[in-house]
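Colleague: After the structure tokens below, expect a handful of questions from me.
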Amino acid sequence: MSSDGKEEGPGGPRQLRPLQHLFDGDATNVYLDNVCNLCAGTPGPDILRLCTDVFEKATSHKMALERENAYLFQYGATAGPWEFRDELSRFLASRYKDTVHRDDLILTCGATHGLQLILNSFVEPDGVIFVEELTYMIAISVFREFASMKIVTVPFSDEGVVPEELERIVAAEKSARGDRTAWDRTCKPFWAVFYTIPVHHNPTGVCASEAVCAGVVRAARALDFLVVCDDVYNLLHYSEEVPAPRRLFSVERSLCQTAPGGGVPRNVISNGSFSKILAPGVRVGWLEAPAPLVRQLTTSGILRSGGGVNAYMAGVLASALQLGLLDRHLDTVVVKMKTLTCTLPLSLAGPHAGAVRRAGRAPAGGLQPSPSGGGLLRVGAAARVGGRGAAARLRPRRPPRVGLPRPHLRPRRRRRRRRLAPPTLPLSAPHRRLPRRAEAGGRRRRPLRRHRRVHPETRPSLKPTPFLSFCEKAGHELRCPGCWRSFK
Ligand SMILES: Cc1ncc(COP(=O)(O)O)c(C=O)c1O
């Protein structure tokens, strides 16, 4: 690159945009001082800066041990380094105030990788993914990558998913599929999976009640589907009055122990991560799974060939856990999160309220912190942001080119093409938008229009504001925050 910020490419010099970590661009960058970015579910720079101390101490501790053995630089155990799982089980047991067995844990590269591993390893290729109708938006993108699976939404209330509805919908799907003996041949133990965030749900902050949790586990055992609990926010619990909710994994274990002829746990997996409690950049997480599923995962070719994943980082984290560094760090994070989520709505109601309203984005229901943990803020928004748009995002984009019929897909309705009238107002009239085709200099922007139907957050009416940025406009480039596709 030359000193004037240009790079020689095949077509001549190219102007380079400086890469700004975390998101490449101006509007949504969480490192900008003048932007309070509410889109990114990630620890802020103030918290991440504290990680440098944690890692400095943990790394020197680990390296001192490795000078003798050098185990850490070798291929690792399929389920993750033994000492990491041992330390992690102790840490989780003390934080959850519950039993956690080392042998139930599998090292992953974070909850996203855990989810992919589960879908790959346990669910039929033509299986069904049940998902709460409000959910973590990028999980939908993960599901879409399993194009031959069907996605079905389940109603969600202020107490979490509605177990009766879940049971009804799953039973209907199961009977519609009929007897599928071919499942046995593919060695995948489940015909369906239910993805849920029962504790400090993203985006609503809701914690499922004990009754809801028990209902979900009973339904899973009765209808033989797998429950994947996204438990990434469980340890960010900050209410002293309300105890931290139990994870579903533990609920299933209790049900099996107490119910007569309860059987063995086999239907719930807890998917945890260090992304929220330490740093997303470390890419370390864990699955807590019943013994038969752990056994199946440890035969995974991918895990076995790679000697597990991320063994080096897991080794350093084992030292951080052993030295108590993570415990102290998490205490600090919880206090900071509590302070932030409780004071931000107040500050937005104060000096900045006018700016938010002027930007036309004052949330109809205001900003409500999640009362007991998770670091989430619920934003009441205009109907055009949620509702129809959210439902559209849950719908698969197009039928698979090959494979099984997908009866859940609605036939595409033909849209009547609107004829665009020539612009009648001068460009300077600020209160009227010109027809988009005229704005774009007569060029058709079909891909973008089609994309907007599926990703409503990229609609032009939703302009980035300092407080809530749904789309990023950097120079001439518009990127969809959902799938990161770029439109020049
Ligand atoms: C509910 C939920 N699950 C998973 C993730 C991603 O976790 P990881 O970084 O461990 O892949 C996020 C990140 O925002 C999240 O909110």
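In the structure tokens, the first chain shown is A, the next is B, and so on; residue numbers restart at 1 for each chain, and ligands run from 1 in the order shown.
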Once you count only C-alpha atoms and all ligand atoms, which residues end up within 9 Å of ligand 1, and could you hand them over as an mmCIF file with N, CA and C atoms, in the first residue's frame?
Modeller:
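So the final result, stored in selection.cif, reads:
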data_model
loop_
_atom_site.group_PDB
_atom_site.id
_atom_site.type_symbol
_atom_site.label_atom_id
_atom_site.label_comp_id
_atom_site.auth_asym_id
_atom_site.auth_seq_id
_atom_site.Cartn_x
_atom_site.Cartn_y
_atom_site.Cartn_z
ATOM 1 N N ALA A 40 -25.040 -4.685 18.758
ATOM 2 C CA ALA A 40 -24.041 -5.727 18.972
ATOM 3 C C ALA A 40 -24.174 -6.321 20.361
ATOM 4 N N GLY A 41 -24.428 -7.610 20.442
ATOM 5 C CA GLY A 41 -24.505 -8.289 21.743
ATOM 6 C C GLY A 41 -23.123 -8.748 22.139
ATOM 7 N N THR A 42 -22.294 -7.806 22.569
ATOM 8 C CA THR A 42 -20.901 -8.145 22.842
ATOM 9 C C THR A 42 -20.365 -7.248 23.960
ATOM 10 N N THR A 108 -15.851 -26.442 22.360
ATOM 11 C CA THR A 108 -16.242 -25.949 21.027
ATOM 12 C C THR A 108 -15.554 -24.603 20.754
ATOM 13 N N CYS A 109 -15.764 -24.088 19.558
ATOM 14 C CA CYS A 109 -15.244 -22.744 19.224
ATOM 15 C C CYS A 109 -16.330 -21.698 19.473
ATOM 16 N N GLY A 110 -17.124 -21.860 20.492
ATOM 17 C CA GLY A 110 -18.190 -20.889 20.778
ATOM 18 C C GLY A 110 -19.553 -21.495 20.488
ATOM 19 N N ALA A 111 -20.604 -20.780 20.912
ATOM 20 C CA ALA A 111 -21.960 -21.327 20.809
ATOM 21 C C ALA A 111 -22.392 -21.536 19.359
ATOM 22 N N THR A 112 -21.902 -20.691 18.457
ATOM 23 C CA THR A 112 -22.281 -20.836 17.053
ATOM 24 C C THR A 112 -21.734 -22.150 16.501
ATOM 25 N N HIS A 113 -20.484 -22.433 16.836
ATOM 26 C CA HIS A 113 -19.889 -23.698 16.400
ATOM 27 C C HIS A 113 -20.610 -24.866 17.059
ATOM 28 N N GLY A 114 -20.973 -24.685 18.340
ATOM 29 C CA GLY A 114 -21.701 -25.743 19.050
ATOM 30 C C GLY A 114 -23.001 -26.075 18.332
ATOM 31 N N LEU A 115 -23.688 -25.024 17.899
ATOM 32 C CA LEU A 115 -24.976 -25.223 17.211
ATOM 33 C C LEU A 115 -24.769 -25.980 15.895
ATOM 34 N N THR A 135 -36.319 -14.743 18.225
ATOM 35 C CA THR A 135 -35.075 -15.450 18.559
ATOM 36 C C THR A 135 -33.860 -14.655 18.129
ATOM 37 N N TYR A 136 -32.705 -15.172 18.495
ATOM 38 C CA TYR A 136 -31.417 -14.576 18.128
ATOM 39 C C TYR A 136 -31.310 -14.585 16.602
ATOM 40 N N MET A 137 -31.182 -13.380 16.016
ATOM 41 C CA MET A 137 -31.378 -13.288 14.557
ATOM 42 C C MET A 137 -30.351 -14.091 13.750
ATOM 43 N N ILE A 138 -29.119 -14.223 14.240
ATOM 44 C CA ILE A 138 -28.132 -14.911 13.402
ATOM 45 C C ILE A 138 -28.308 -16.430 13.480
ATOM 46 N N ALA A 139 -29.024 -16.892 14.516
ATOM 47 C CA ALA A 139 -29.309 -18.338 14.556
ATOM 48 C C ALA A 139 -30.099 -18.731 13.309
ATOM 49 N N THR A 196 -33.757 -23.116 21.609
ATOM 50 C CA THR A 196 -34.399 -22.206 22.555
ATOM 51 C C THR A 196 -33.352 -21.446 23.379
ATOM 52 N N ILE A 197 -33.742 -20.275 23.863
ATOM 53 C CA ILE A 197 -32.861 -19.495 24.742
ATOM 54 C C ILE A 197 -33.647 -19.292 26.041
ATOM 55 N N HIS A 200 -32.459 -15.536 30.093
ATOM 56 C CA HIS A 200 -32.120 -14.215 29.552
ATOM 57 C C HIS A 200 -32.172 -14.248 28.009
ATOM 58 N N HIS A 201 -33.357 -14.544 27.559
ATOM 59 C CA HIS A 201 -33.611 -14.740 26.133
ATOM 60 C C HIS A 201 -33.178 -13.523 25.305
ATOM 61 N N ASN A 202 -32.512 -13.792 24.207
ATOM 62 C CA ASN A 202 -32.166 -12.746 23.242
ATOM 63 C C ASN A 202 -33.200 -12.825 22.111
ATOM 64 N N PRO A 203 -34.013 -11.819 21.867
ATOM 65 C CA PRO A 203 -33.852 -10.425 22.251
ATOM 66 C C PRO A 203 -34.739 -9.945 23.406
ATOM 67 N N ASP A 230 -29.562 -22.482 24.114
ATOM 68 C CA ASP A 230 -28.510 -21.494 23.949
ATOM 69 C C ASP A 230 -28.350 -20.838 25.313
ATOM 70 N N ASP A 231 -27.310 -21.266 26.046
ATOM 71 C CA ASP A 231 -27.133 -20.802 27.427
ATOM 72 C C ASP A 231 -26.006 -19.773 27.549
ATOM 73 N N VAL A 232 -25.856 -18.925 26.543
ATOM 74 C CA VAL A 232 -24.702 -18.011 26.565
ATOM 75 C C VAL A 232 -24.839 -16.881 27.583
ATOM 76 N N TYR A 233 -26.077 -16.585 28.007
ATOM 77 C CA TYR A 233 -26.258 -15.461 28.939
ATOM 78 C C TYR A 233 -26.481 -15.905 30.381
ATOM 79 N N ASN A 271 -25.696 -25.288 25.475
ATOM 80 C CA ASN A 271 -24.677 -24.739 24.576
ATOM 81 C C ASN A 271 -24.138 -23.451 25.199
ATOM 82 N N GLY A 272 -22.936 -23.522 25.770
ATOM 83 C CA GLY A 272 -22.382 -22.363 26.489
ATOM 84 C C GLY A 272 -21.212 -21.734 25.751
ATOM 85 N N SER A 273 -20.786 -20.567 26.233
ATOM 86 C CA SER A 273 -19.745 -19.827 25.520
ATOM 87 C C SER A 273 -19.021 -18.851 26.445
ATOM 88 N N PHE A 274 -17.749 -18.604 26.119
ATOM 89 C CA PHE A 274 -16.990 -17.566 26.834
ATOM 90 C C PHE A 274 -17.171 -16.195 26.180
ATOM 91 N N SER A 275 -17.954 -16.135 25.087
ATOM 92 C CA SER A 275 -18.058 -14.881 24.332
ATOM 93 C C SER A 275 -18.633 -13.737 25.165
ATOM 94 N N LYS A 276 -19.618 -14.020 25.976
ATOM 95 C CA LYS A 276 -20.266 -12.943 26.736
ATOM 96 C C LYS A 276 -19.622 -12.753 28.106
ATOM 97 N N ALA A 279 -14.627 -12.904 26.363
ATOM 98 C CA ALA A 279 -14.389 -12.166 25.118
ATOM 99 C C ALA A 279 -14.761 -13.031 23.924
ATOM 100 N N PRO A 280 -15.515 -12.476 22.958
ATOM 101 C CA PRO A 280 -15.900 -13.281 21.793
ATOM 102 C C PRO A 280 -14.693 -13.698 20.961
ATOM 103 N N GLY A 281 -13.624 -12.890 21.001
ATOM 104 C CA GLY A 281 -12.453 -13.174 20.162
ATOM 105 C C GLY A 281 -11.737 -14.464 20.545
ATOM 106 N N VAL A 282 -11.936 -14.960 21.765
ATOM 107 C CA VAL A 282 -11.211 -16.182 22.140
ATOM 108 C C VAL A 282 -11.803 -17.404 21.450
ATOM 109 N N ARG A 283 -13.041 -17.285 20.969
ATOM 110 C CA ARG A 283 -13.737 -18.379 20.266
ATOM 111 C C ARG A 283 -13.642 -19.700 21.027
ATOM 112 N N VAL A 284 -14.077 -19.680 22.256
ATOM 113 C CA VAL A 284 -14.132 -20.906 23.047
ATOM 114 C C VAL A 284 -15.510 -21.024 23.674
ATOM 115 N N GLY A 285 -16.064 -22.209 23.607
ATOM 116 C CA GLY A 285 -17.344 -22.486 24.245
ATOM 117 C C GLY A 285 -17.376 -23.942 24.660
ATOM 118 N N TRP A 286 -18.520 -24.409 25.090
ATOM 119 C CA TRP A 286 -18.632 -25.811 25.499
ATOM 120 C C TRP A 286 -20.054 -26.304 25.283
#
Colleague: So that I can check the secondary structure, give me every residue of stretch 152-315 of chain A assigned strand (DSSP E or B) by backbone DSSP, as number ranges by chain.
Modeller: A: 152-154, 156-158, 160-161, 190-196, 226-230, 237, 268-273, 285-288
Colleague: Set the distance at 12 Å and use only C-alpha atoms: which residues neighbour stretch 64-70 of chain A once local chain neighbours fewer than 6 positions away are removed? I'd like the list as a list in words.
Modeller: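 After dropping sequence-adjacent residues, the list is Lys57, Ala58, Gly76, Tyr312, Gly315, Val316, Ala318 and Ser319 of chain A.
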Colleague: Rank nothing, just name the residue among A:Leu377, A:Met63, A:Leu287, A:Met313 nearest to A:Gln116, using only C-alpha atoms.
Modeller: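 That would be A:Leu287, the residue with the smallest distance to A:Gln116.
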Colleague: Near A:Arg221, counting only C-alpha atoms, which residues have an atom at most 7 Å away, once you skip same-chain residues fewer than 4 positions from it, shown as a PyMOL selection string?
Modeller: chain A and resi 217+225+267
Colleague: Ranking A:Phe122, A:Tyr75, A:Phe91, A:Tyr195 by minimum distance to A:Val294 and counting only C-alpha atoms, which one comes first?
Modeller: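 Answer, going by the shortest atom-to-atom distance: A:Phe122.
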Colleague: Using only C-alpha atoms, pick whichever of A:Leu278, A:Gly374, A:Pro163, A:Ala192 has the shortest atom-to-atom distance to A:Leu326.
Modeller: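 Nearest candidate to A:Leu326 out of A:Leu278, A:Gly374, A:Pro163, A:Ala192: A:Leu278.
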Colleague: Would you list the contacts of A:Pro290 as an MDAnalysis selection string, taking every protein, DNA or RNA residue within 10 Å and counting only C-alpha atoms, but skipping same-chain residues closer than 6 positions in sequence?
Modeller: chainID A and resid 103:105 249 252:253 264:270
Colleague: Write out the residues from the selection above, keeping C-alpha atoms, as a PDB file, in the first residue's frame.
Modeller:
ATOM      1  CA  ASP A 103     -17.231 -35.930  31.220  1.00  0.00           C
ATOM      2  CA  ASP A 104     -20.428 -34.186  30.088  1.00  0.00           C
ATOM      3  CA  LEU A 105     -18.411 -31.319  28.577  1.00  0.00           C
ATOM      4  CA  PHE A 249     -30.039 -29.688  31.093  1.00  0.00           C
ATOM      5  CA  GLU A 252     -34.074 -32.994  32.555  1.00  0.00           C
ATOM      6  CA  ARG A 253     -31.626 -34.688  34.927  1.00  0.00           C
ATOM      7  CA  VAL A 264     -31.799 -41.568  31.428  1.00  0.00           C
ATOM      8  CA  PRO A 265     -31.281 -38.005  30.211  1.00  0.00           C
ATOM      9  CA  ARG A 266     -30.834 -37.858  26.457  1.00  0.00           C
ATOM     10  CA  ASN A 267     -32.891 -34.972  25.070  1.00  0.00           C
ATOM     11  CA  VAL A 268     -31.279 -31.697  26.237  1.00  0.00           C
ATOM     12  CA  ILE A 269     -27.942 -30.094  25.394  1.00  0.00           C
ATOM     13  CA  SER A 270     -26.649 -26.907  26.995  1.00  0.00           C
TER      14      SER A 270
END
Colleague: How many Å separate atom CA of A:Gly307 from atom CA of A:Ser121?
Modeller: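 Taking atom CA of A:Gly307 and atom CA of A:Ser121, their separation equals 16.9 Å.
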Colleague: For atom CA of A:Gly263 and atom CA of A:Leu293, quote the distance in Å rounded to one decimal.
Modeller: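 Computing the Euclidean distance for atom CA of A:Gly263 and atom CA of A:Leu293 yields 15.1 Å.
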Colleague: Quick one: pick out all helix (DSSP H, G or I) residues within stretch 69-172 of chain A from a backbone DSSP run and write them as an MDAnalysis selection string.
Modeller: chainID A and resid 69 82:96 102:104 111:122 137:144 163:172
Colleague: Generate a file of the selected residues that holds N, CA and C atoms, formatted as a short mmCIF file (atom, residue, chain, number, x, y, z; two decimals), in the first residue's frame.
Modeller:
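The result, stored in out-v1.cif:
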data_model
loop_
_atom_site.label_atom_id
_atom_site.label_comp_id
_atom_site.auth_asym_id
_atom_site.auth_seq_id
_atom_site.Cartn_x
_atom_site.Cartn_y
_atom_site.Cartn_z
N ASN A 69 6.46 -29.91 29.35
CA ASN A 69 5.70 -30.97 28.66
C ASN A 69 5.42 -30.70 27.18
N TRP A 82 -8.13 -32.27 28.90
CA TRP A 82 -8.68 -32.81 30.15
C TRP A 82 -8.72 -31.74 31.23
N GLU A 83 -7.59 -31.01 31.40
CA GLU A 83 -7.52 -30.05 32.53
C GLU A 83 -8.49 -28.89 32.31
N PHE A 84 -8.75 -28.56 31.03
CA PHE A 84 -9.71 -27.48 30.74
C PHE A 84 -11.11 -27.90 31.18
N ARG A 85 -11.51 -29.12 30.82
CA ARG A 85 -12.86 -29.58 31.17
C ARG A 85 -12.99 -29.75 32.68
N ASP A 86 -11.88 -30.15 33.31
CA ASP A 86 -11.90 -30.31 34.76
C ASP A 86 -12.11 -28.96 35.46
N GLU A 87 -11.31 -27.97 35.05
CA GLU A 87 -11.44 -26.63 35.64
C GLU A 87 -12.80 -26.02 35.32
N LEU A 88 -13.22 -26.22 34.07
CA LEU A 88 -14.50 -25.63 33.65
C LEU A 88 -15.66 -26.23 34.45
N SER A 89 -15.61 -27.54 34.68
CA SER A 89 -16.72 -28.16 35.42
C SER A 89 -16.80 -27.59 36.83
N ARG A 90 -15.62 -27.33 37.44
CA ARG A 90 -15.64 -26.76 38.79
C ARG A 90 -16.17 -25.33 38.78
N PHE A 91 -15.74 -24.58 37.78
CA PHE A 91 -16.17 -23.17 37.66
C PHE A 91 -17.69 -23.11 37.44
N LEU A 92 -18.19 -23.94 36.54
CA LEU A 92 -19.63 -23.91 36.24
C LEU A 92 -20.43 -24.39 37.44
N ALA A 93 -19.93 -25.42 38.12
CA ALA A 93 -20.66 -25.94 39.28
C ALA A 93 -20.81 -24.84 40.33
N SER A 94 -19.74 -24.06 40.55
CA SER A 94 -19.84 -23.03 41.59
C SER A 94 -20.72 -21.87 41.12
N ARG A 95 -20.70 -21.57 39.83
CA ARG A 95 -21.52 -20.46 39.33
C ARG A 95 -22.99 -20.85 39.22
N TYR A 96 -23.25 -22.06 38.73
CA TYR A 96 -24.64 -22.52 38.58
C TYR A 96 -25.23 -22.97 39.91
N ARG A 102 -17.31 -33.28 34.54
CA ARG A 102 -16.29 -33.03 33.50
C ARG A 102 -16.60 -33.82 32.23
N ASP A 103 -17.06 -35.06 32.40
CA ASP A 103 -17.23 -35.93 31.22
C ASP A 103 -18.47 -35.58 30.39
N ASP A 104 -19.28 -34.64 30.89
CA ASP A 104 -20.43 -34.19 30.09
C ASP A 104 -20.05 -33.01 29.18
N ALA A 111 -20.60 -20.78 20.91
CA ALA A 111 -21.96 -21.33 20.81
C ALA A 111 -22.39 -21.54 19.36
N THR A 112 -21.90 -20.69 18.46
CA THR A 112 -22.28 -20.84 17.05
C THR A 112 -21.73 -22.15 16.50
N HIS A 113 -20.48 -22.43 16.84
CA HIS A 113 -19.89 -23.70 16.40
C HIS A 113 -20.61 -24.87 17.06
N GLY A 114 -20.97 -24.69 18.34
CA GLY A 114 -21.70 -25.74 19.05
C GLY A 114 -23.00 -26.08 18.33
N LEU A 115 -23.69 -25.02 17.90
CA LEU A 115 -24.98 -25.22 17.21
C LEU A 115 -24.77 -25.98 15.90
N GLN A 116 -23.73 -25.59 15.18
CA GLN A 116 -23.46 -26.26 13.90
C GLN A 116 -23.11 -27.74 14.13
N LEU A 117 -22.32 -27.98 15.17
CA LEU A 117 -21.92 -29.35 15.50
C LEU A 117 -23.15 -30.20 15.82
N ILE A 118 -24.07 -29.62 16.57
CA ILE A 118 -25.29 -30.35 16.97
C ILE A 118 -26.14 -30.68 15.74
N LEU A 119 -26.34 -29.67 14.89
CA LEU A 119 -27.18 -29.90 13.71
C LEU A 119 -26.55 -30.93 12.78
N ASN A 120 -25.22 -30.87 12.67
CA ASN A 120 -24.51 -31.83 11.82
C ASN A 120 -24.57 -33.24 12.39
N SER A 121 -24.40 -33.33 13.70
CA SER A 121 -24.16 -34.65 14.29
C SER A 121 -25.43 -35.38 14.70
N PHE A 122 -26.47 -34.64 15.09
CA PHE A 122 -27.60 -35.30 15.73
C PHE A 122 -28.92 -35.25 14.97
N MET A 137 -31.18 -13.38 16.02
CA MET A 137 -31.38 -13.29 14.56
C MET A 137 -30.35 -14.09 13.75
N ILE A 138 -29.12 -14.22 14.24
CA ILE A 138 -28.13 -14.91 13.40
C ILE A 138 -28.31 -16.43 13.48
N ALA A 139 -29.02 -16.89 14.52
CA ALA A 139 -29.31 -18.34 14.56
C ALA A 139 -30.10 -18.73 13.31
N ILE A 140 -30.96 -17.82 12.85
CA ILE A 140 -31.75 -18.10 11.65
C ILE A 140 -30.83 -18.30 10.45
N SER A 141 -29.78 -17.48 10.39
CA SER A 141 -28.84 -17.64 9.26
C SER A 141 -28.13 -18.98 9.35
N VAL A 142 -27.84 -19.42 10.57
CA VAL A 142 -27.21 -20.74 10.72
C VAL A 142 -28.16 -21.83 10.21
N PHE A 143 -29.45 -21.73 10.60
CA PHE A 143 -30.43 -22.75 10.19
C PHE A 143 -30.56 -22.78 8.67
N ARG A 144 -30.52 -21.60 8.06
CA ARG A 144 -30.70 -21.55 6.60
C ARG A 144 -29.59 -22.29 5.87
N PRO A 163 -45.34 -24.20 26.14
CA PRO A 163 -45.07 -25.64 25.99
C PRO A 163 -46.21 -26.40 25.32
N GLU A 164 -47.47 -26.00 25.62
CA GLU A 164 -48.61 -26.72 25.02
C GLU A 164 -48.60 -26.55 23.51
N GLU A 165 -48.30 -25.32 23.08
CA GLU A 165 -48.24 -25.04 21.64
C GLU A 165 -47.08 -25.81 21.00
N LEU A 166 -45.96 -25.82 21.73
CA LEU A 166 -44.79 -26.55 21.21
C LEU A 166 -45.15 -28.01 20.99
N GLU A 167 -45.80 -28.59 21.99
CA GLU A 167 -46.16 -30.01 21.91
C GLU A 167 -47.11 -30.26 20.74
N ARG A 168 -48.09 -29.34 20.61
CA ARG A 168 -49.09 -29.51 19.54
C ARG A 168 -48.43 -29.41 18.16
N ILE A 169 -47.58 -28.41 18.00
CA ILE A 169 -46.95 -28.18 16.68
C ILE A 169 -46.00 -29.33 16.33
N VAL A 170 -45.22 -29.77 17.35
CA VAL A 170 -44.27 -30.85 17.08
C VAL A 170 -45.03 -32.13 16.74
N ALA A 171 -46.10 -32.40 17.51
CA ALA A 171 -46.87 -33.64 17.25
C ALA A 171 -47.45 -33.61 15.84
N ALA A 172 -47.95 -32.45 15.42
CA ALA A 172 -48.53 -32.35 14.07
C ALA A 172 -47.46 -32.61 13.02
#
Colleague: Taking only C-alpha atoms into account, which of A:Thr204, A:Ala176, A:Gly127, A:Ile47 comes nearest A:Val334?
Modeller: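 Looking at the shortest contact to A:Val334, the residue is A:Ile47.
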Colleague: Any idea what's packed within 9 Å of A:Val251, counting only C-alpha atoms, ignoring anything in its chain fewer than 2 positions away? Could you give it as a list in words?
Modeller: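 Near neighbours after the sequence-gap exclusion: Glu210, Cys213, Ala214, Val217, Arg246, Arg247, Leu248, Phe249, Arg253, Ser254, Leu255 and Cys256 of chain A.
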Colleague: Any chance you could export the current selection's C-alpha atoms as a PDB file, in the first residue's frame?
Modeller:
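The resulting result.pdb:
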ATOM      1  CA  GLU A 210     -39.772 -23.731  36.031  1.00  0.00           C
ATOM      2  CA  CYS A 213     -38.889 -25.610  31.393  1.00  0.00           C
ATOM      3  CA  ALA A 214     -40.458 -28.826  32.737  1.00  0.00           C
ATOM      4  CA  VAL A 217     -38.446 -31.273  28.636  1.00  0.00           C
ATOM      5  CA  ARG A 246     -31.752 -23.488  36.236  1.00  0.00           C
ATOM      6  CA  ARG A 247     -30.584 -24.595  32.841  1.00  0.00           C
ATOM      7  CA  LEU A 248     -32.817 -27.096  31.061  1.00  0.00           C
ATOM      8  CA  PHE A 249     -30.039 -29.688  31.093  1.00  0.00           C
ATOM      9  CA  ARG A 253     -31.626 -34.688  34.927  1.00  0.00           C
ATOM     10  CA  SER A 254     -33.919 -33.951  37.917  1.00  0.00           C
ATOM     11  CA  LEU A 255     -36.996 -35.208  36.052  1.00  0.00           C
ATOM     12  CA  CYS A 256     -35.235 -38.459  35.240  1.00  0.00           C
TER      13      CYS A 256
END
Colleague: Could you tell me how far atom CA of A:His61 sits from atom CA of A:Gln322, in Å to one decimal place?
Modeller: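 Atom-to-atom, atom CA of A:Gln322 and atom CA of A:His61 are spaced 9.8 Å apart.
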Colleague: At a cut-off of 10 Å, using only C-alpha atoms, what residues contact A:Ser209? Leave out same-chain residues fewer than 3 positions from it and give the result as a ChimeraX atom specification.
Modeller: /A:158-161,198-199,206,212-215,245-246
